[in-house]
$ cat final_12.csv   # CSV, N, CA and C atoms
chain,number,residue,atom,x,y,z
B,1,MET,N,0.9,-1.2,0.0
B,1,MET,CA,0.0,0.0,0.0
B,1,MET,C,0.9,1.2,0.0
B,2,SER,N,0.7,2.1,-0.9
B,2,SER,CA,1.5,3.3,-1.0
B,2,SER,C,0.8,4.4,-0.2
B,3,VAL,N,1.4,4.8,0.8
B,3,VAL,CA,0.9,5.9,1.6
B,3,VAL,C,1.9,7.0,1.4
B,4,SER,N,1.6,8.0,0.5
B,4,SER,CA,2.6,8.9,0.0
B,4,SER,C,2.3,10.4,0.4
B,5,HIS,N,1.2,10.7,1.0
B,5,HIS,CA,1.0,12.1,1.3
B,5,HIS,C,0.6,12.3,2.8
B,6,SER,N,0.6,13.5,3.2
B,6,SER,CA,0.3,13.7,4.7
B,6,SER,C,-1.0,13.3,5.1
B,7,ALA,N,-2.1,13.4,4.3
B,7,ALA,CA,-3.4,13.0,4.7
B,7,ALA,C,-3.4,11.5,5.0
B,8,SER,N,-2.7,10.7,4.1
B,8,SER,CA,-2.7,9.3,4.4
B,8,SER,C,-1.9,9.0,5.6
B,9,ALA,N,-0.8,9.7,5.8
B,9,ALA,CA,0.0,9.5,7.1
B,9,ALA,C,-0.8,9.9,8.3
B,10,ASP,N,-1.6,10.9,8.2
B,10,ASP,CA,-2.4,11.3,9.4
B,10,ASP,C,-3.5,10.3,9.6
B,11,GLN,N,-4.1,9.7,8.6
B,11,GLN,CA,-5.1,8.7,8.7
B,11,GLN,C,-4.5,7.5,9.3
B,12,LEU,N,-3.3,7.1,8.9
B,12,LEU,CA,-2.6,5.9,9.4
B,12,LEU,C,-2.3,6.1,10.9
B,13,GLU,N,-1.8,7.2,11.3
B,13,GLU,CA,-1.5,7.5,12.7
B,13,GLU,C,-2.8,7.5,13.6
B,14,ALA,N,-3.9,8.1,13.0
B,14,ALA,CA,-5.1,8.1,13.8
B,14,ALA,C,-5.6,6.6,14.0
B,15,THR,N,-5.5,5.8,13.0
B,15,THR,CA,-5.9,4.4,13.1
B,15,THR,C,-5.1,3.7,14.2
B,16,LEU,N,-3.8,3.9,14.2
B,16,LEU,CA,-2.9,3.3,15.2
B,16,LEU,C,-3.3,3.7,16.6
B,17,ARG,N,-3.6,5.0,16.8
B,17,ARG,CA,-4.1,5.5,18.1
B,17,ARG,C,-5.3,4.8,18.5
B,18,ILE,N,-6.3,4.7,17.6
B,18,ILE,CA,-7.5,4.0,18.0
B,18,ILE,C,-7.3,2.6,18.4
B,19,LEU,N,-6.5,1.9,17.6
B,19,LEU,CA,-6.2,0.5,17.9
B,19,LEU,C,-5.4,0.3,19.2
B,20,ARG,N,-4.6,1.3,19.6
B,20,ARG,CA,-3.8,1.2,20.8
B,20,ARG,C,-4.6,1.5,22.0
B,21,SER,N,-5.9,1.9,21.8
B,21,SER,CA,-6.7,2.3,23.0
B,21,SER,C,-6.9,1.0,23.8
B,22,GLU,N,-7.1,1.3,25.1
B,22,GLU,CA,-7.3,0.1,26.1
B,22,GLU,C,-8.6,-0.6,25.7
B,23,ASP,N,-9.6,0.1,25.4
B,23,ASP,CA,-10.9,-0.5,25.0
B,23,ASP,C,-11.4,0.1,23.7
B,24,VAL,N,-11.2,-0.7,22.7
B,24,VAL,CA,-11.6,-0.2,21.3
B,24,VAL,C,-13.0,0.1,21.3
B,25,THR,N,-13.9,-0.6,22.0
B,25,THR,CA,-15.3,-0.3,22.0
B,25,THR,C,-15.6,1.1,22.5
B,26,GLN,N,-14.7,1.7,23.3
B,26,GLN,CA,-15.0,3.1,23.8
B,26,GLN,C,-14.7,4.1,22.8
B,27,VAL,N,-14.0,3.8,21.7
B,27,VAL,CA,-13.7,4.7,20.7
B,27,VAL,C,-14.4,4.4,19.3
B,28,LEU,N,-15.5,3.8,19.5
B,28,LEU,CA,-16.2,3.3,18.3
B,28,LEU,C,-16.6,4.4,17.3
B,29,ALA,N,-17.0,5.6,17.8
B,29,ALA,CA,-17.4,6.7,16.9
B,29,ALA,C,-16.2,7.1,16.1
B,30,ARG,N,-15.0,7.3,16.8
B,30,ARG,CA,-13.8,7.7,16.1
B,30,ARG,C,-13.4,6.6,15.1
B,31,ALA,N,-13.5,5.3,15.5
B,31,ALA,CA,-13.2,4.2,14.6
B,31,ALA,C,-14.0,4.3,13.3
B,32,THR,N,-15.3,4.5,13.5
B,32,THR,CA,-16.2,4.6,12.3
B,32,THR,C,-15.8,5.7,11.4
B,33,GLU,N,-15.5,6.9,12.0
B,33,GLU,CA,-15.1,8.0,11.2
B,33,GLU,C,-13.7,7.7,10.5
B,34,ASN,N,-12.9,7.0,11.2
B,34,ASN,CA,-11.6,6.6,10.6
B,34,ASN,C,-11.8,5.7,9.4
B,35,ILE,N,-12.7,4.7,9.6
B,35,ILE,CA,-13.0,3.8,8.6
B,35,ILE,C,-13.5,4.5,7.3
B,36,ASP,N,-14.4,5.4,7.6
B,36,ASP,CA,-14.9,6.2,6.4
B,36,ASP,C,-13.8,6.9,5.7
B,37,GLY,N,-12.9,7.5,6.4
B,37,GLY,CA,-11.8,8.2,5.8
B,37,GLY,C,-10.9,7.3,4.9
B,38,TRP,N,-10.7,6.1,5.5
B,38,TRP,CA,-9.9,5.1,4.7
B,38,TRP,C,-10.6,4.6,3.4
B,39,ILE,N,-11.9,4.4,3.6
B,39,ILE,CA,-12.7,4.0,2.4
B,39,ILE,C,-12.6,5.0,1.3
B,40,GLN,N,-12.8,6.3,1.6
B,40,GLN,CA,-12.7,7.3,0.6
B,40,GLN,C,-11.4,7.4,0.0
B,41,MET,N,-10.3,7.3,0.8
B,41,MET,CA,-9.0,7.4,0.3
B,41,MET,C,-8.6,6.2,-0.6
B,42,LEU,N,-9.0,5.0,-0.1
B,42,LEU,CA,-8.6,3.8,-0.9
B,42,LEU,C,-9.4,3.8,-2.2
B,43,ARG,N,-10.7,4.2,-2.2
B,43,ARG,CA,-11.5,4.2,-3.4
B,43,ARG,C,-10.9,5.2,-4.4
B,44,ALA,N,-10.5,6.3,-3.9
B,44,ALA,CA,-10.0,7.4,-4.8
B,44,ALA,C,-8.7,7.0,-5.5
B,45,SER,N,-8.0,6.0,-4.9
B,45,SER,CA,-6.7,5.6,-5.6
B,45,SER,C,-6.9,4.9,-6.9
B,46,GLY,N,-8.1,4.3,-7.1
B,46,GLY,CA,-8.4,3.6,-8.3
B,46,GLY,C,-7.7,2.2,-8.5
B,47,GLU,N,-6.9,1.8,-7.5
B,47,GLU,CA,-6.2,0.5,-7.6
B,47,GLU,C,-7.1,-0.6,-7.1
B,48,THR,N,-7.1,-1.7,-7.8
B,48,THR,CA,-7.9,-2.9,-7.5
B,48,THR,C,-7.6,-3.4,-6.0
B,49,ALA,N,-6.3,-3.5,-5.7
B,49,ALA,CA,-6.0,-4.0,-4.3
B,49,ALA,C,-6.6,-3.1,-3.3
B,50,HIS,N,-6.5,-1.8,-3.5
B,50,HIS,CA,-7.1,-0.8,-2.6
B,50,HIS,C,-8.6,-0.9,-2.5
B,51,ALA,N,-9.2,-1.2,-3.6
B,51,ALA,CA,-10.7,-1.4,-3.6
B,51,ALA,C,-11.1,-2.6,-2.8
B,52,THR,N,-10.3,-3.6,-2.8
B,52,THR,CA,-10.5,-4.8,-2.0
B,52,THR,C,-10.5,-4.5,-0.5
B,53,ILE,N,-9.5,-3.7,-0.1
B,53,ILE,CA,-9.4,-3.3,1.3
B,53,ILE,C,-10.6,-2.4,1.7
B,54,ALA,N,-11.0,-1.5,0.8
B,54,ALA,CA,-12.1,-0.6,1.0
B,54,ALA,C,-13.4,-1.5,1.2
B,55,ALA,N,-13.6,-2.5,0.4
B,55,ALA,CA,-14.7,-3.4,0.5
B,55,ALA,C,-14.7,-4.1,1.9
B,56,ASP,N,-13.5,-4.5,2.3
B,56,ASP,CA,-13.4,-5.1,3.7
B,56,ASP,C,-13.8,-4.1,4.7
B,57,LEU,N,-13.4,-2.9,4.6
B,57,LEU,CA,-13.7,-1.9,5.6
B,57,LEU,C,-15.2,-1.6,5.6
B,58,VAL,N,-15.9,-1.6,4.5
B,58,VAL,CA,-17.3,-1.4,4.4
B,58,VAL,C,-18.0,-2.6,5.2
B,59,LYS,N,-17.5,-3.8,5.1
B,59,LYS,CA,-18.0,-4.9,5.8
B,59,LYS,C,-17.8,-4.7,7.3
B,60,LEU,N,-16.5,-4.3,7.7
B,60,LEU,CA,-16.2,-4.1,9.1
B,60,LEU,C,-17.1,-3.0,9.7
B,61,LYS,N,-17.4,-2.0,9.0
B,61,LYS,CA,-18.2,-0.9,9.5
B,61,LYS,C,-19.6,-1.5,9.8
B,62,GLY,N,-20.1,-2.3,8.9
B,62,GLY,CA,-21.4,-2.9,9.1
B,62,GLY,C,-21.4,-3.9,10.3
B,63,PHE,N,-20.4,-4.6,10.5
B,63,PHE,CA,-20.2,-5.6,11.6
B,63,PHE,C,-20.1,-4.8,12.9
B,64,LEU,N,-19.5,-3.7,12.9
B,64,LEU,CA,-19.3,-2.9,14.2
B,64,LEU,C,-20.7,-2.5,14.7
B,65,ALA,N,-21.7,-2.3,13.9
B,65,ALA,CA,-23.0,-2.0,14.3
B,65,ALA,C,-23.8,-3.1,14.9
B,66,GLY,N,-23.2,-4.3,14.8
B,66,GLY,CA,-23.9,-5.5,15.3
B,66,GLY,C,-23.3,-5.9,16.6
B,67,THR,N,-23.7,-7.1,17.1
B,67,THR,CA,-23.2,-7.6,18.4
B,67,THR,C,-22.4,-8.8,18.3
B,68,ASP,N,-22.2,-9.4,17.2
B,68,ASP,CA,-21.5,-10.6,17.0
B,68,ASP,C,-20.0,-10.3,16.7
B,69,PRO,N,-19.1,-10.7,17.6
B,69,PRO,CA,-17.7,-10.4,17.4
B,69,PRO,C,-17.0,-11.3,16.4
B,70,ASN,N,-17.6,-12.4,16.0
B,70,ASN,CA,-17.0,-13.3,15.0
B,70,ASN,C,-16.7,-12.7,13.7
B,71,PRO,N,-17.6,-12.1,13.0
B,71,PRO,CA,-17.3,-11.5,11.7
B,71,PRO,C,-16.3,-10.3,11.9
B,72,ILE,N,-16.4,-9.6,13.0
B,72,ILE,CA,-15.4,-8.5,13.2
B,72,ILE,C,-14.0,-9.0,13.3
B,73,SER,N,-13.8,-10.0,14.1
B,73,SER,CA,-12.5,-10.7,14.2
B,73,SER,C,-12.0,-11.2,12.9
B,74,ASP,N,-12.9,-11.8,12.1
B,74,ASP,CA,-12.5,-12.3,10.8
B,74,ASP,C,-12.0,-11.3,9.9
B,75,VAL,N,-12.8,-10.2,9.8
B,75,VAL,CA,-12.5,-9.1,8.8
B,75,VAL,C,-11.2,-8.4,9.3
B,76,LEU,N,-11.0,-8.2,10.6
B,76,LEU,CA,-9.8,-7.6,11.1
B,76,LEU,C,-8.6,-8.4,10.7
B,77,GLN,N,-8.7,-9.7,10.8
B,77,GLN,CA,-7.6,-10.6,10.5
B,77,GLN,C,-7.3,-10.5,9.0
B,78,THR,N,-8.4,-10.5,8.2
B,78,THR,CA,-8.2,-10.3,6.7
B,78,THR,C,-7.6,-9.0,6.3
B,79,LEU,N,-8.0,-7.9,7.0
B,79,LEU,CA,-7.4,-6.6,6.7
B,79,LEU,C,-5.9,-6.7,7.1
B,80,ALA,N,-5.6,-7.3,8.2
B,80,ALA,CA,-4.2,-7.4,8.6
B,80,ALA,C,-3.3,-8.1,7.6
B,81,GLU,N,-3.9,-9.1,7.0
B,81,GLU,CA,-3.2,-9.9,6.0
B,81,GLU,C,-3.0,-9.1,4.7
B,82,HIS,N,-4.0,-8.4,4.3
B,82,HIS,CA,-3.9,-7.5,3.1
B,82,HIS,C,-2.9,-6.4,3.3
B,83,ILE,N,-2.9,-5.8,4.5
B,83,ILE,CA,-1.9,-4.7,4.8
B,83,ILE,C,-0.5,-5.3,4.8
B,84,ASN,N,-0.4,-6.4,5.5
B,84,ASN,CA,0.9,-7.0,5.5
B,84,ASN,C,1.5,-7.3,4.2
B,85,SER,N,0.7,-7.7,3.2
B,85,SER,CA,1.1,-8.0,1.9
B,85,SER,C,1.6,-6.7,1.1
B,86,PHE,N,1.2,-5.5,1.6
B,86,PHE,CA,1.6,-4.3,0.9
B,86,PHE,C,2.9,-3.7,1.6
B,87,VAL,N,3.3,-4.2,2.7
B,87,VAL,CA,4.4,-3.5,3.5
B,87,VAL,C,5.7,-3.5,2.6
B,88,ASP,N,6.0,-4.5,2.0
B,88,ASP,CA,7.3,-4.5,1.2
B,88,ASP,C,7.3,-3.5,0.1
B,89,ASP,N,6.2,-3.1,-0.5
B,89,ASP,CA,6.1,-2.2,-1.6
B,89,ASP,C,5.8,-0.8,-1.1
B,90,ALA,N,5.7,-0.6,0.2
B,90,ALA,CA,5.3,0.7,0.7
B,90,ALA,C,6.4,1.7,0.7
B,91,ASN,N,6.0,3.0,0.7
B,91,ASN,CA,7.0,4.1,0.9
B,91,ASN,C,7.8,3.8,2.2
B,92,PRO,N,9.1,3.7,2.1
B,92,PRO,CA,9.9,3.4,3.2
B,92,PRO,C,9.6,4.2,4.5
B,93,ARG,N,9.2,5.4,4.3
B,93,ARG,CA,8.8,6.2,5.5
B,93,ARG,C,7.7,5.6,6.3
B,94,PHE,N,6.8,4.8,5.7
B,94,PHE,CA,5.6,4.3,6.3
B,94,PHE,C,5.6,2.8,6.6
B,95,ILE,N,6.7,2.1,6.2
B,95,ILE,CA,6.8,0.6,6.4
B,95,ILE,C,6.6,0.3,7.9
B,96,GLU,N,7.2,0.9,8.8
B,96,GLU,CA,7.1,0.6,10.2
B,96,GLU,C,5.6,0.8,10.7
B,97,SER,N,5.0,1.9,10.3
B,97,SER,CA,3.6,2.2,10.7
B,97,SER,C,2.7,1.1,10.1
B,98,LEU,N,2.9,0.8,8.9
B,98,LEU,CA,2.0,-0.2,8.3
B,98,LEU,C,2.2,-1.6,8.9
B,99,ASP,N,3.4,-1.9,9.2
B,99,ASP,CA,3.7,-3.2,10.0
B,99,ASP,C,3.0,-3.1,11.3
B,100,GLN,N,3.1,-2.0,12.0
B,100,GLN,CA,2.4,-1.9,13.3
B,100,GLN,C,0.9,-2.0,13.2
B,101,LEU,N,0.3,-1.4,12.1
B,101,LEU,CA,-1.1,-1.5,11.9
B,101,LEU,C,-1.5,-2.9,11.7
B,102,SER,N,-0.8,-3.7,10.9
B,102,SER,CA,-1.1,-5.1,10.6
B,102,SER,C,-1.1,-5.9,11.9
B,103,LYS,N,-0.1,-5.6,12.7
B,103,LYS,CA,0.1,-6.3,14.0
B,103,LYS,C,-1.1,-5.9,15.0
B,104,GLN,N,-1.4,-4.6,15.0
B,104,GLN,CA,-2.5,-4.2,15.9
B,104,GLN,C,-3.8,-4.8,15.5
B,105,LEU,N,-4.1,-4.9,14.2
B,105,LEU,CA,-5.3,-5.5,13.7
B,105,LEU,C,-5.4,-6.9,14.1
B,106,THR,N,-4.3,-7.6,14.0
B,106,THR,CA,-4.2,-9.0,14.4
B,106,THR,C,-4.4,-9.2,15.9
B,107,ASP,N,-3.8,-8.3,16.7
B,107,ASP,CA,-4.0,-8.4,18.1
B,107,ASP,C,-5.5,-8.2,18.5
B,108,VAL,N,-6.1,-7.2,17.9
B,108,VAL,CA,-7.5,-6.9,18.2
B,108,VAL,C,-8.4,-8.1,17.8
B,109,ALA,N,-8.1,-8.7,16.6
B,109,ALA,CA,-8.8,-9.9,16.2
B,109,ALA,C,-8.7,-11.0,17.2
B,110,ARG,N,-7.4,-11.3,17.6
B,110,ARG,CA,-7.2,-12.3,18.6
B,110,ARG,C,-7.9,-12.1,19.9
B,111,ASN,N,-7.8,-10.8,20.4
B,111,ASN,CA,-8.5,-10.5,21.6
B,111,ASN,C,-10.0,-10.8,21.6
B,112,LEU,N,-10.6,-10.4,20.4
B,112,LEU,CA,-12.0,-10.7,20.2
B,112,LEU,C,-12.3,-12.2,20.3
B,113,GLN,N,-11.4,-12.9,19.6
B,113,GLN,CA,-11.6,-14.4,19.6
B,113,GLN,C,-11.4,-15.0,21.0
B,114,THR,N,-10.5,-14.5,21.8
B,114,THR,CA,-10.2,-15.0,23.1
B,114,THR,C,-11.4,-14.7,24.0
B,115,THR,N,-11.9,-13.4,23.9
B,115,THR,CA,-13.1,-13.1,24.7
B,115,THR,C,-14.3,-13.9,24.3
B,116,ARG,N,-14.5,-14.1,23.1
B,116,ARG,CA,-15.6,-15.0,22.6
B,116,ARG,C,-15.5,-16.4,23.2
B,117,ASP,N,-14.3,-17.0,23.1
B,117,ASP,CA,-14.0,-18.3,23.5
B,117,ASP,C,-14.2,-18.4,25.1
B,118,ALA,N,-13.8,-17.4,25.8
B,118,ALA,CA,-14.0,-17.4,27.3
B,118,ALA,C,-15.5,-17.3,27.6
B,119,GLU,N,-16.3,-16.5,26.9
B,119,GLU,CA,-17.7,-16.4,27.1
B,119,GLU,C,-18.4,-17.7,26.8
B,120,GLN,N,-18.0,-18.4,25.8
B,120,GLN,CA,-18.6,-19.7,25.4
B,120,GLN,C,-18.3,-20.8,26.4
B,121,ALA,N,-17.1,-20.7,27.0
B,121,ALA,CA,-16.7,-21.7,28.0
B,121,ALA,C,-17.5,-21.6,29.3
B,122,GLN,N,-18.1,-20.5,29.6
B,122,GLN,CA,-18.8,-20.3,30.8
B,122,GLN,C,-20.2,-21.0,30.8
$ encode --input "final_12.csv" --output "structure tokens"
Amino acid sequence: MSVSHSASADQLEATLRILRSEDVTQVLARATENIDGWIQMLRASGETAHATIAADLVKLKGFLAGTDPNPISDVLQTLAEHINSFVDDANPRFIESLDQLSKQLTDVARNLQTTRDAEQAQ
């Protein structure tokens, strides 16, 4: 994923701040706005790979309005994999942030799965 201008960099940093929050559910409104920003930016690029990520983000936004963590976890993991596949071709200035984003998405997905598994075990 080529993140080449300041708006993209700002969007990336905002995403990382949200994902680093202690409780992502507490920042849901900011997360939704952030997702909207990414969708617009990715669609504007006109690249097929970016359109795929934008479609996943649209799904994520819909899932966030629901109560089932399973599809949220799944789409976060898919997004992490997509982003990870772009890291090698990214602007060197943003490789570390994109790598962190991929890892944060994976961590949130795993935490949702762990919470779900613990609830089912009770």
$ closest_residue --input "final_12.csv" --among "B:Asp56, B:Thr67, B:Ala80, B:Ser45" --to "Gln104 (chain B)" --atoms "only N, CA and C atoms"
B:Ala80
$ atom_distance --input "final_12.csv" --atom1 "CA of Thr115 (chain B)" --atom2 "CA of Gly62 (chain B)"
20.4 Å
$ atom_distance --input "final_12.csv" --atom1 "atom C of Leu60 (chain B)" --atom2 "CA of Ile72 (chain B)"
6.7 Å
$ residues_around --input "final_12.csv" --residues "Ile39 (chain B)" --least-positions-apart "6" --cutoff "8 Å" --atoms "all atoms listed in the file" --output "compact mmCIF listing (two decimals) with N, CA and C atoms, keeping the file's coordinate frame"
# COMPACT_ATOMS: atom_id res chain seq x y z
N GLU B 33 -15.50 6.90 12.00
CA GLU B 33 -15.10 8.00 11.20
C GLU B 33 -13.70 7.70 10.50
N SER B 45 -8.00 6.00 -4.90
CA SER B 45 -6.70 5.60 -5.60
C SER B 45 -6.90 4.90 -6.90
N ILE B 53 -9.50 -3.70 -0.10
CA ILE B 53 -9.40 -3.30 1.30
C ILE B 53 -10.60 -2.40 1.70
N ALA B 54 -11.00 -1.50 0.80
CA ALA B 54 -12.10 -0.60 1.00
C ALA B 54 -13.40 -1.50 1.20
N ALA B 55 -13.60 -2.50 0.40
CA ALA B 55 -14.70 -3.40 0.50
C ALA B 55 -14.70 -4.10 1.90
N LEU B 57 -13.40 -2.90 4.60
CA LEU B 57 -13.70 -1.90 5.60
C LEU B 57 -15.20 -1.60 5.60
N VAL B 58 -15.90 -1.60 4.50
CA VAL B 58 -17.30 -1.40 4.40
C VAL B 58 -18.00 -2.60 5.20
$ atom_distance --input "final_12.csv" --atom1 "atom C of Asp88 (chain B)" --atom2 "atom C of Ser21 (chain B)"
28.0 Å
$ residues_near_point --input "final_12.csv" --point "(-3.0, -5.2, 8.9)" --cutoff "6 Å" --atoms "all atoms listed in the file" --output "PyMOL selection string"
chain B and resi 79-84+101-103+105-106
$ closest_residue --input "final_12.csv" --among "B:Asn111, B:Ser97, B:Glu119, B:Phe63" --to "Leu12 (chain B)" --atoms "all atoms listed in the file"
B:Ser97
$ axis_aligned_box --input "final_12.csv" --around "region 16-20 of chain B" --padding-each-side "3 Å" --output "AutoDock Vina command-line options"
--center_x -5.2 --center_y 2.9 --center_z 18.1 --size_x 10.6 --size_y 11.2 --size_z 13.8
$ closest_residue --input "final_12.csv" --among "B:Ala14, B:Leu112, B:Ala90, B:Ala121" --to "Gly37 (chain B)" --atoms "only C-alpha atoms"
B:Ala14
$ residues_near_point --input "final_12.csv" --point "(-13.8, -10.2, 15.4)" --cutoff "7 Å" --atoms "all atoms listed in the file" --output "PDB file with N, CA and C atoms, in the frame of the given file"
ATOM      1  N   ASP B  68     -22.200  -9.400  17.200  1.00  0.00           N
ATOM      2  CA  ASP B  68     -21.500 -10.600  17.000  1.00  0.00           C
ATOM      3  C   ASP B  68     -20.000 -10.300  16.700  1.00  0.00           C
ATOM      4  N   PRO B  69     -19.100 -10.700  17.600  1.00  0.00           N
ATOM      5  CA  PRO B  69     -17.700 -10.400  17.400  1.00  0.00           C
ATOM      6  C   PRO B  69     -17.000 -11.300  16.400  1.00  0.00           C
ATOM      7  N   ASN B  70     -17.600 -12.400  16.000  1.00  0.00           N
ATOM      8  CA  ASN B  70     -17.000 -13.300  15.000  1.00  0.00           C
ATOM      9  C   ASN B  70     -16.700 -12.700  13.700  1.00  0.00           C
ATOM     10  N   PRO B  71     -17.600 -12.100  13.000  1.00  0.00           N
ATOM     11  CA  PRO B  71     -17.300 -11.500  11.700  1.00  0.00           C
ATOM     12  C   PRO B  71     -16.300 -10.300  11.900  1.00  0.00           C
ATOM     13  N   ILE B  72     -16.400  -9.600  13.000  1.00  0.00           N
ATOM     14  CA  ILE B  72     -15.400  -8.500  13.200  1.00  0.00           C
ATOM     15  C   ILE B  72     -14.000  -9.000  13.300  1.00  0.00           C
ATOM     16  N   SER B  73     -13.800 -10.000  14.100  1.00  0.00           N
ATOM     17  CA  SER B  73     -12.500 -10.700  14.200  1.00  0.00           C
ATOM     18  C   SER B  73     -12.000 -11.200  12.900  1.00  0.00           C
ATOM     19  N   ASP B  74     -12.900 -11.800  12.100  1.00  0.00           N
ATOM     20  CA  ASP B  74     -12.500 -12.300  10.800  1.00  0.00           C
ATOM     21  C   ASP B  74     -12.000 -11.300   9.900  1.00  0.00           C
ATOM     22  N   VAL B  75     -12.800 -10.200   9.800  1.00  0.00           N
ATOM     23  CA  VAL B  75     -12.500  -9.100   8.800  1.00  0.00           C
ATOM     24  C   VAL B  75     -11.200  -8.400   9.300  1.00  0.00           C
ATOM     25  N   LEU B  76     -11.000  -8.200  10.600  1.00  0.00           N
ATOM     26  CA  LEU B  76      -9.800  -7.600  11.100  1.00  0.00           C
ATOM     27  C   LEU B  76      -8.600  -8.400  10.700  1.00  0.00           C
ATOM     28  N   GLN B  77      -8.700  -9.700  10.800  1.00  0.00           N
ATOM     29  CA  GLN B  77      -7.600 -10.600  10.500  1.00  0.00           C
ATOM     30  C   GLN B  77      -7.300 -10.500   9.000  1.00  0.00           C
ATOM     31  N   VAL B 108      -6.100  -7.200  17.900  1.00  0.00           N
ATOM     32  CA  VAL B 108      -7.500  -6.900  18.200  1.00  0.00           C
ATOM     33  C   VAL B 108      -8.400  -8.100  17.800  1.00  0.00           C
ATOM     34  N   ALA B 109      -8.100  -8.700  16.600  1.00  0.00           N
ATOM     35  CA  ALA B 109      -8.800  -9.900  16.200  1.00  0.00           C
ATOM     36  C   ALA B 109      -8.700 -11.000  17.200  1.00  0.00           C
ATOM     37  N   ARG B 110      -7.400 -11.300  17.600  1.00  0.00           N
ATOM     38  CA  ARG B 110      -7.200 -12.300  18.600  1.00  0.00           C
ATOM     39  C   ARG B 110      -7.900 -12.100  19.900  1.00  0.00           C
ATOM     40  N   LEU B 112     -10.600 -10.400  20.400  1.00  0.00           N
ATOM     41  CA  LEU B 112     -12.000 -10.700  20.200  1.00  0.00           C
ATOM     42  C   LEU B 112     -12.300 -12.200  20.300  1.00  0.00           C
ATOM     43  N   GLN B 113     -11.400 -12.900  19.600  1.00  0.00           N
ATOM     44  CA  GLN B 113     -11.600 -14.400  19.600  1.00  0.00           C
ATOM     45  C   GLN B 113     -11.400 -15.000  21.000  1.00  0.00           C
TER      46      GLN B 113
END
$ residues_around --input "final_12.csv" --residues "Glu13 (chain B)" --least-positions-apart "6" --cutoff "12 Å" --atoms "only C-alpha atoms" --output "list of chain:residue names"
B:Val3, B:Ser6, B:Ala7, B:Leu19, B:Arg20, B:Asn34, B:Trp38, B:Phe94, B:Glu96, B:Ser97, B:Leu98, B:Gln100, B:Leu101
$ decode --input "final_12.csv" --residues "region 102-118 of chain B" --atoms "N, CA and C atoms" --output "PDB file, in the first residue's frame"
ATOM      1  N   SER B 102      -0.778  -3.665  10.854  1.00  0.00           N
ATOM      2  CA  SER B 102      -1.086  -5.072  10.623  1.00  0.00           C
ATOM      3  C   SER B 102      -1.064  -5.851  11.932  1.00  0.00           C
ATOM      4  N   LYS B 103      -0.059  -5.614  12.749  1.00  0.00           N
ATOM      5  CA  LYS B 103       0.056  -6.312  14.033  1.00  0.00           C
ATOM      6  C   LYS B 103      -1.069  -5.919  14.986  1.00  0.00           C
ATOM      7  N   GLN B 104      -1.423  -4.644  15.026  1.00  0.00           N
ATOM      8  CA  GLN B 104      -2.508  -4.189  15.906  1.00  0.00           C
ATOM      9  C   GLN B 104      -3.840  -4.804  15.497  1.00  0.00           C
ATOM     10  N   LEU B 105      -4.099  -4.856  14.201  1.00  0.00           N
ATOM     11  CA  LEU B 105      -5.340  -5.467  13.722  1.00  0.00           C
ATOM     12  C   LEU B 105      -5.398  -6.942  14.118  1.00  0.00           C
ATOM     13  N   THR B 106      -4.267  -7.631  13.974  1.00  0.00           N
ATOM     14  CA  THR B 106      -4.188  -9.034  14.365  1.00  0.00           C
ATOM     15  C   THR B 106      -4.425  -9.192  15.863  1.00  0.00           C
ATOM     16  N   ASP B 107      -3.818  -8.312  16.657  1.00  0.00           N
ATOM     17  CA  ASP B 107      -3.999  -8.374  18.111  1.00  0.00           C
ATOM     18  C   ASP B 107      -5.457  -8.170  18.514  1.00  0.00           C
ATOM     19  N   VAL B 108      -6.111  -7.179  17.918  1.00  0.00           N
ATOM     20  CA  VAL B 108      -7.520  -6.930  18.241  1.00  0.00           C
ATOM     21  C   VAL B 108      -8.370  -8.131  17.824  1.00  0.00           C
ATOM     22  N   ALA B 109      -8.082  -8.690  16.646  1.00  0.00           N
ATOM     23  CA  ALA B 109      -8.828  -9.866  16.186  1.00  0.00           C
ATOM     24  C   ALA B 109      -8.656 -11.029  17.165  1.00  0.00           C
ATOM     25  N   ARG B 110      -7.439 -11.256  17.618  1.00  0.00           N
ATOM     26  CA  ARG B 110      -7.180 -12.344  18.570  1.00  0.00           C
ATOM     27  C   ARG B 110      -7.865 -12.089  19.911  1.00  0.00           C
ATOM     28  N   ASN B 111      -7.834 -10.838  20.367  1.00  0.00           N
ATOM     29  CA  ASN B 111      -8.496 -10.502  21.633  1.00  0.00           C
ATOM     30  C   ASN B 111     -10.004 -10.752  21.555  1.00  0.00           C
ATOM     31  N   LEU B 112     -10.601 -10.408  20.430  1.00  0.00           N
ATOM     32  CA  LEU B 112     -12.029 -10.677  20.245  1.00  0.00           C
ATOM     33  C   LEU B 112     -12.302 -12.177  20.268  1.00  0.00           C
ATOM     34  N   GLN B 113     -11.437 -12.944  19.617  1.00  0.00           N
ATOM     35  CA  GLN B 113     -11.604 -14.399  19.611  1.00  0.00           C
ATOM     36  C   GLN B 113     -11.444 -14.973  21.018  1.00  0.00           C
ATOM     37  N   THR B 114     -10.466 -14.487  21.757  1.00  0.00           N
ATOM     38  CA  THR B 114     -10.232 -14.964  23.115  1.00  0.00           C
ATOM     39  C   THR B 114     -11.416 -14.654  24.013  1.00  0.00           C
ATOM     40  N   THR B 115     -11.942 -13.444  23.900  1.00  0.00           N
ATOM     41  CA  THR B 115     -13.118 -13.050  24.681  1.00  0.00           C
ATOM     42  C   THR B 115     -14.308 -13.926  24.343  1.00  0.00           C
ATOM     43  N   ARG B 116     -14.511 -14.146  23.061  1.00  0.00           N
ATOM     44  CA  ARG B 116     -15.627 -14.993  22.623  1.00  0.00           C
ATOM     45  C   ARG B 116     -15.474 -16.415  23.158  1.00  0.00           C
ATOM     46  N   ASP B 117     -14.261 -16.951  23.057  1.00  0.00           N
ATOM     47  CA  ASP B 117     -14.018 -18.321  23.546  1.00  0.00           C
ATOM     48  C   ASP B 117     -14.243 -18.422  25.055  1.00  0.00           C
ATOM     49  N   ALA B 118     -13.822 -17.401  25.803  1.00  0.00           N
ATOM     50  CA  ALA B 118     -14.009 -17.403  27.253  1.00  0.00           C
ATOM     51  C   ALA B 118     -15.495 -17.344  27.613  1.00  0.00           C
TER      52      ALA B 118
END
